[in-house]
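A.B. asks: Next up, protein_17.cif (mmCIF, C-alpha atoms).
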data_query
loop_
_atom_site.label_atom_id
_atom_site.label_comp_id
_atom_site.auth_asym_id
_atom_site.auth_seq_id
_atom_site.Cartn_x
_atom_site.Cartn_y
_atom_site.Cartn_z
CA ARG V 1139 5.12 -9.93 -14.06
CA LEU V 1140 4.50 -8.34 -10.72
CA PHE V 1141 2.78 -11.30 -9.10
CA ARG V 1142 2.27 -15.04 -9.56
CA LYS V 1143 -1.28 -15.78 -10.60
CA ASP V 1144 -0.74 -19.49 -9.96
CA LEU V 1145 -0.47 -18.77 -6.22
CA LEU V 1146 -3.98 -17.27 -6.16
CA ASP V 1147 -7.45 -18.75 -6.40
CA GLU V 1148 -11.02 -17.75 -5.61
CA HIS V 1149 -10.37 -18.21 -1.86
CA SER V 1150 -7.28 -15.98 -1.75
CA VAL V 1151 -7.13 -12.99 0.57
CA VAL V 1152 -6.02 -9.95 -1.44
CA TYR V 1153 -5.47 -6.53 0.13
CA ALA V 1154 -4.85 -3.46 -2.04
CA PHE V 1155 -3.88 -0.22 -0.30
CA GLY V 1156 -4.00 3.01 -2.27
CA VAL V 1157 -6.99 3.31 -4.58
CA ALA V 1158 -6.69 6.96 -5.63
CA ARG V 1159 -8.66 6.90 -8.90
CA HIS V 1160 -7.51 3.59 -10.39
CA ILE V 1161 -8.69 0.06 -9.69
CA GLU V 1162 -8.18 -1.60 -13.09
CA THR V 1163 -5.66 -4.09 -11.72
CA GLU V 1164 -7.85 -5.01 -8.77
CA GLU V 1165 -10.87 -5.42 -11.06
CA GLN V 1166 -8.86 -7.82 -13.22
CA TRP V 1167 -7.83 -9.84 -10.18
CA ALA V 1168 -11.42 -10.15 -9.03
CA GLU V 1169 -12.65 -11.05 -12.52
CA ARG V 1170 -9.89 -13.42 -13.67
CA ILE V 1171 -9.07 -15.12 -10.37
CA GLY V 1172 -12.52 -14.89 -8.80
CA CYS V 1173 -11.23 -13.80 -5.38
CA THR V 1174 -12.54 -10.95 -3.28
CA VAL V 1175 -10.18 -7.97 -3.33
CA TYR V 1176 -10.22 -5.67 -0.31
CA LEU V 1177 -9.50 -2.06 -1.31
CA PHE V 1178 -8.36 0.51 1.27
CA ASP V 1179 -7.91 4.27 0.91
CA PRO V 1180 -9.19 6.97 3.29
CA THR V 1181 -8.46 9.97 1.05
CA PRO V 1182 -11.26 12.12 -0.41
CA PRO V 1183 -10.32 11.46 -4.08
CA ALA V 1184 -10.54 7.69 -3.50
CA ILE V 1185 -13.80 7.91 -1.56
CA GLU V 1186 -15.34 10.06 -4.31
CA PHE V 1187 -14.05 7.73 -7.02
CA MET V 1188 -15.40 4.62 -5.32
CA ALA V 1189 -18.78 6.29 -4.64
CA ALA V 1190 -19.15 7.07 -8.36
CA HIS V 1191 -17.85 3.70 -9.50
CA ALA V 1192 -20.02 0.59 -9.55
CA PRO V 1193 -17.46 -2.12 -8.89
CA SER V 1194 -17.91 -5.85 -8.87
CA PRO V 1195 -19.30 -7.39 -5.69
CA LYS V 1196 -15.89 -9.06 -5.47
CA LEU V 1197 -14.39 -5.64 -4.62
CA VAL V 1198 -14.81 -4.53 -1.00
CA PHE V 1199 -13.90 -0.89 -0.36
CA ASP V 1200 -13.05 0.38 3.11
CA PRO V 1201 -12.17 4.10 3.54
CA ILE V 1202 -9.41 3.49 6.06
CA GLY V 1203 -5.65 3.73 5.73
CA VAL V 1204 -2.92 1.43 6.97
CA TRP V 1205 -0.13 2.46 9.29
CA THR V 1206 2.22 1.12 11.97
CA SER V 1207 -0.32 2.02 14.67
CA SER V 1208 -4.10 2.36 14.74
CA GLU V 1209 -4.86 6.07 14.93
CA THR V 1210 -6.14 9.08 13.03
CA LEU V 1211 -3.39 10.59 10.86
CA LYS V 1212 -2.85 13.64 8.70
CA PHE V 1213 -2.77 12.94 4.94
CA TYR V 1214 -0.95 15.82 3.29
CA ASN V 1215 -1.80 17.15 -0.15
CA ASP V 1216 0.98 16.98 -2.69
CA ASN V 1217 2.19 20.51 -3.45
CA ARG V 1218 2.96 19.66 -7.11
CA ALA V 1219 0.30 21.28 -9.29
CA LYS V 1220 -0.73 18.27 -11.39
CA VAL V 1221 -0.63 15.64 -8.65
CA LYS V 1222 -3.62 15.04 -6.41
CA ASN V 1223 -2.29 12.22 -4.21
CA LEU V 1224 -2.26 12.52 -0.44
CA SER V 1225 0.33 11.03 1.88
CA VAL V 1226 1.07 10.58 5.57
CA ILE V 1227 4.77 10.74 4.72
CA ASN V 1228 4.53 14.23 3.15
CA TYR V 1229 7.61 13.90 0.94
CA TYR V 1230 6.51 16.98 -1.01
CA HIS V 1231 6.10 19.14 2.08
CA GLY V 1232 2.48 20.06 1.47
CA SER V 1233 0.91 22.42 3.97
CA THR V 1234 -2.72 21.33 3.67
CA TYR V 1235 -4.06 18.00 4.84
CA VAL V 1236 -7.09 15.95 5.77
CA GLU V 1237 -7.30 13.69 8.78
CA ALA V 1238 -8.33 10.08 8.29
CA PRO V 1239 -8.49 6.86 10.30
CA CYS V 1240 -5.74 4.26 9.93
CA LEU V 1241 -5.40 0.75 11.29
CA THR V 1242 -2.48 -1.64 11.49
CA LEU V 1243 -2.43 -4.68 9.24
CA VAL V 1244 -3.10 -6.78 12.35
CA ASP V 1245 -6.22 -4.75 13.19
CA ILE V 1246 -7.47 -4.81 9.59
CA MET V 1247 -7.09 -8.57 9.44
CA LYS V 1248 -8.98 -8.89 12.73
CA LYS V 1249 -11.74 -6.63 11.37
CA TYR V 1250 -12.27 -8.92 8.39
CA GLY V 1251 -11.59 -12.21 10.17
CA HIS V 1252 -8.51 -13.09 8.10
CA ASP V 1253 -5.60 -15.11 9.44
CA HIS V 1254 -3.34 -14.61 6.41
CA ILE V 1255 -2.84 -12.46 3.31
CA ASP V 1256 -2.11 -14.10 -0.04
CA LEU V 1257 -1.35 -10.89 -1.94
CA LEU V 1258 -0.54 -7.53 -0.39
CA LYS V 1259 -0.41 -4.54 -2.76
CA MET V 1260 0.64 -1.08 -1.57
CA ASP V 1261 0.88 2.11 -3.61
CA ILE V 1262 0.55 4.59 -0.78
CA GLU V 1263 2.85 7.51 -1.49
CA GLY V 1264 5.88 6.60 0.59
CA ALA V 1265 4.10 4.81 3.44
CA ALA V 1266 4.69 1.24 2.19
CA LEU V 1267 8.32 1.24 3.33
CA PRO V 1268 7.69 1.93 7.04
CA ILE V 1269 4.63 -0.33 7.05
CA LEU V 1270 6.48 -3.27 5.50
CA LEU V 1271 9.42 -2.79 7.90
CA HIS V 1272 7.00 -2.73 10.83
CA MET V 1273 5.20 -5.83 9.52
CA LEU V 1274 8.46 -7.79 9.29
CA LYS V 1275 9.87 -6.58 12.64
CA GLU V 1276 6.76 -6.47 14.83
CA THR V 1277 4.24 -8.99 13.49
CA THR V 1278 3.99 -12.55 12.23
CA ILE V 1279 2.13 -11.45 9.07
CA ARG V 1280 3.91 -12.86 6.03
CA PRO V 1281 1.91 -12.39 2.83
CA ARG V 1282 2.60 -14.99 0.14
CA GLN V 1283 3.25 -12.15 -2.30
CA ILE V 1284 3.93 -8.43 -1.90
CA VAL V 1285 3.58 -5.81 -4.62
CA GLY V 1286 4.74 -2.44 -3.35
CA ALA V 1287 5.63 0.98 -4.63
CA LEU V 1288 8.51 2.25 -2.52
CA GLU V 1289 8.37 5.91 -3.42
CA ARG V 1290 11.26 8.13 -2.52
CA PRO V 1291 11.43 11.82 -1.63
CA HIS V 1292 12.45 14.19 -4.41
CA ILE V 1293 14.86 16.96 -3.48
CA PRO V 1294 13.63 19.35 -6.24
CA TYR V 1295 10.20 19.25 -4.57
CA GLY V 1296 11.39 20.15 -1.10
CA ALA V 1297 12.72 16.89 0.33
CA THR V 1298 15.95 17.03 2.29
CA ILE V 1299 19.08 15.02 1.58
CA GLY V 1300 18.60 13.44 5.01
CA GLU V 1301 15.13 12.19 4.04
CA ALA V 1302 16.47 10.74 0.79
CA LEU V 1303 19.37 9.00 2.54
CA GLN V 1304 17.07 7.56 5.21
CA VAL V 1305 14.84 6.02 2.53
CA ILE V 1306 17.90 4.46 0.86
CA ARG V 1307 19.01 2.98 4.21
CA ASP V 1308 15.49 1.73 5.01
CA LYS V 1309 15.14 0.09 1.58
CA GLY V 1310 18.41 -1.77 2.18
CA ILE V 1311 17.10 -3.00 5.54
CA LEU V 1312 13.79 -4.03 3.96
CA TYR V 1313 15.45 -5.99 1.16
CA LYS V 1314 17.69 -7.83 3.65
CA LYS V 1315 14.70 -8.69 5.85
CA LEU V 1316 12.64 -9.86 2.88
CA ASN V 1317 15.52 -12.03 1.71
CA ALA V 1318 15.96 -13.50 5.21
CA GLU V 1319 12.24 -14.36 5.25
CA GLY V 1320 12.55 -16.25 1.96
CA TYR V 1321 11.04 -13.62 -0.32
CA ARG V 1322 12.50 -13.18 -3.78
CA ILE V 1323 12.46 -9.76 -5.42
CA VAL V 1324 11.30 -10.25 -9.01
CA SER V 1325 11.15 -6.64 -10.11
CA HIS V 1326 12.75 -3.46 -8.85
CA ASN V 1327 12.31 -0.18 -10.70
CA VAL V 1328 13.77 3.11 -9.55
CA ALA V 1329 11.45 6.07 -10.06
#
As structure tokens, please, write out the structure in this file.
C.D. replies:
Amino acid sequence: RLFRKDLLDEHSVVYAFGVARHIETEEQWAERIGCTVYLFDPTPPAIEFMAAHAPSPKLVFDPIGVWTSSETLKFYNDNRAKVKNLSVINYYHGSTYVEAPCLTLVDIMKKYGHDHIDLLKMDIEGAALPILLHMLKETTIRPRQIVGALERPHIPYGATIGEALQVIRDKGILYKKLNAEGYRIVSHNVA
């Protein structure tokens, strides 16, 4: 299990970053738990998907991204033929991009009037790692649960050895910080 359902109820604050074209998990949370799930993704595929999708009123979509600072960023297209994800990290060294607004977790919480996050989910093409490190180092935000995809650069697709090593180092720092904050890692898959 990737999260503890018993720690959530209809009043829980749930943030899910990285919609792309899939919200099945978030729909289940809204339906089974009864909480409002806030969905964030500023990329054109996600905006188009959400415009064509008639989600539950318990799903609130906001076409903004999350980052370590509030600013407009470049989201690079993945240069792999079958993949349509966009990323500010640009692990696949795409040359085309779209620009989109991003806010910090602090600014997003202020926007929605939240003083805590019960469940934070991030599947944002390599950006979760720097955002989580920033959250732990620079803010007092401590979600009760975190579900995150910590994607890594792939050398066959243009990433450098230096990029790969930096991600390994940063993951080690993140795991130590999470442990020091009392978090327990319940699942860790290497992709």
A.B. asks: Using all atoms listed in the file, which of V:Ala1318, V:Ala1266, V:Tyr1229, V:Lys1309 sits nearest Ala1297 (chain V)?
C.D. replies: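 Answer, going by the shortest atom-to-atom distance: V:Tyr1229.
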A.B. asks: I'd like to see the residues matched by the PyMOL selection byres ((chain V and resi 1239) around 8) on this file, and ideally I'd get them as a list in words.
C.D. replies: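 In the shown coordinates, the PyMOL selection byres ((chain V and resi 1239) around 8) covers Pro1180, Ile1202, Gly1203, Ser1208, Glu1209, Thr1210, Leu1211, Glu1237, Ala1238, Cys1240 and Leu1241 of chain V.
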A.B. asks: Would you compute the distance between CA of Val1175 (chain V) and CA of Val1152 (chain V)? Give it in Å to one decimal.
C.D. replies: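 About the pair CA of Val1175 (chain V) and CA of Val1152 (chain V): they are 5.0 Å apart.
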A.B. asks: Name the residues captured by the PyMOL selection byres ((chain V and resi 1155) around 12) when it is applied to the shown file; answer as an MDAnalysis selection string.
C.D. replies: chainID V and resid 1152:1154 1156:1158 1160:1161 1164 1175:1181 1184 1198:1205 1240:1243 1246 1257:1266 1269 1284:1287
A.B. asks: Determine the nearest neighbour of Tyr1313 (chain V) from the options V:Leu1271, V:Gln1166, V:Thr1278, V:Thr1174, counting only C-alpha atoms.
C.D. replies: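 Between V:Leu1271, V:Gln1166, V:Thr1278, V:Thr1174, the residue approaching Tyr1313 (chain V) most closely is V:Leu1271.
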A.B. asks: Mind pulling up the distance from CA of Ser1194 (chain V) to CA of Cys1173 (chain V)?
C.D. replies: 11.0 Å
A.B. asks: Tell me which residues the PyMOL selection byres ((chain V and resi 1231) around 9) grabs here, as JSON, numbers by chain.
C.D. replies: {"V": [1214, 1215, 1216, 1217, 1227, 1228, 1229, 1230, 1232, 1233, 1295, 1296, 1297]}
A.B. asks: Between V:Arg1159, V:Lys1222, V:Lys1315, V:Lys1143, which one has atoms that come closest to His1191 (chain V), using all atoms listed in the file?
C.D. replies: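 Ranking V:Arg1159, V:Lys1222, V:Lys1315, V:Lys1143 by distance to His1191 (chain V), first place goes to V:Arg1159.
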A.B. asks: For region 1176-1189 of chain V, take all atoms listed in the file, fit an axis-aligned box around them, add 6 Å to each of the six sides, then output centre and edge lengths in Å rounded to one decimal, as AutoDock Vina command-line options.
C.D. replies:
--center_x -13.3 --center_y 3.2 --center_z -1.9 --size_x 22.9 --size_y 29.8 --size_z 22.3
A.B. asks: Go ahead and compute the interatomic distance for CA of Pro1268 (chain V) and CA of Thr1163 (chain V), in Å to one decimal.
C.D. replies: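 Distance between the two atoms: 23.8 Å.
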A.B. asks: Which neighbours of Leu1312 (chain V) fall inside 9 Å, counting all atoms listed in the file, when residues of the same chain fewer than 2 positions from it are skipped, and could you give them as a list in words?
C.D. replies: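 With the cut-off at 9 Å, the set is Leu1267, Leu1270, Leu1271, Leu1274, Arg1307, Asp1308, Lys1309, Gly1310, Lys1314, Lys1315, Leu1316 and Asn1317 of chain V.
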A.B. asks: Create the file for the chosen residues now, containing C-alpha atoms and written as a JSON list (two decimals), in the coordinates of the input.
C.D. replies:
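The resulting file, again17.json, is shown below:
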[["chain", "number", "residue", "atom", "x", "y", "z"],
["V", 1267, "LEU", "CA", 8.32, 1.24, 3.33],
["V", 1270, "LEU", "CA", 6.48, -3.27, 5.50],
["V", 1271, "LEU", "CA", 9.42, -2.79, 7.90],
["V", 1274, "LEU", "CA", 8.46, -7.79, 9.29],
["V", 1307, "ARG", "CA", 19.01, 2.98, 4.21],
["V", 1308, "ASP", "CA", 15.49, 1.73, 5.01],
["V", 1309, "LYS", "CA", 15.14, 0.09, 1.58],
["V", 1310, "GLY", "CA", 18.41, -1.77, 2.18],
["V", 1314, "LYS", "CA", 17.69, -7.83, 3.65],
["V", 1315, "LYS", "CA", 14.70, -8.69, 5.85],
["V", 1316, "LEU", "CA", 12.64, -9.86, 2.88],
["V", 1317, "ASN", "CA", 15.52, -12.03, 1.71]]
A.B. asks: Identify which of the residues V:His1252, V:Pro1182, V:Ala1302, V:Val1151 lies closest to Asn1223 (chain V), counting all atoms listed in the file when measuring atom-to-atom distances.
C.D. replies: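 The closest residue to Asn1223 (chain V) is V:Pro1182.
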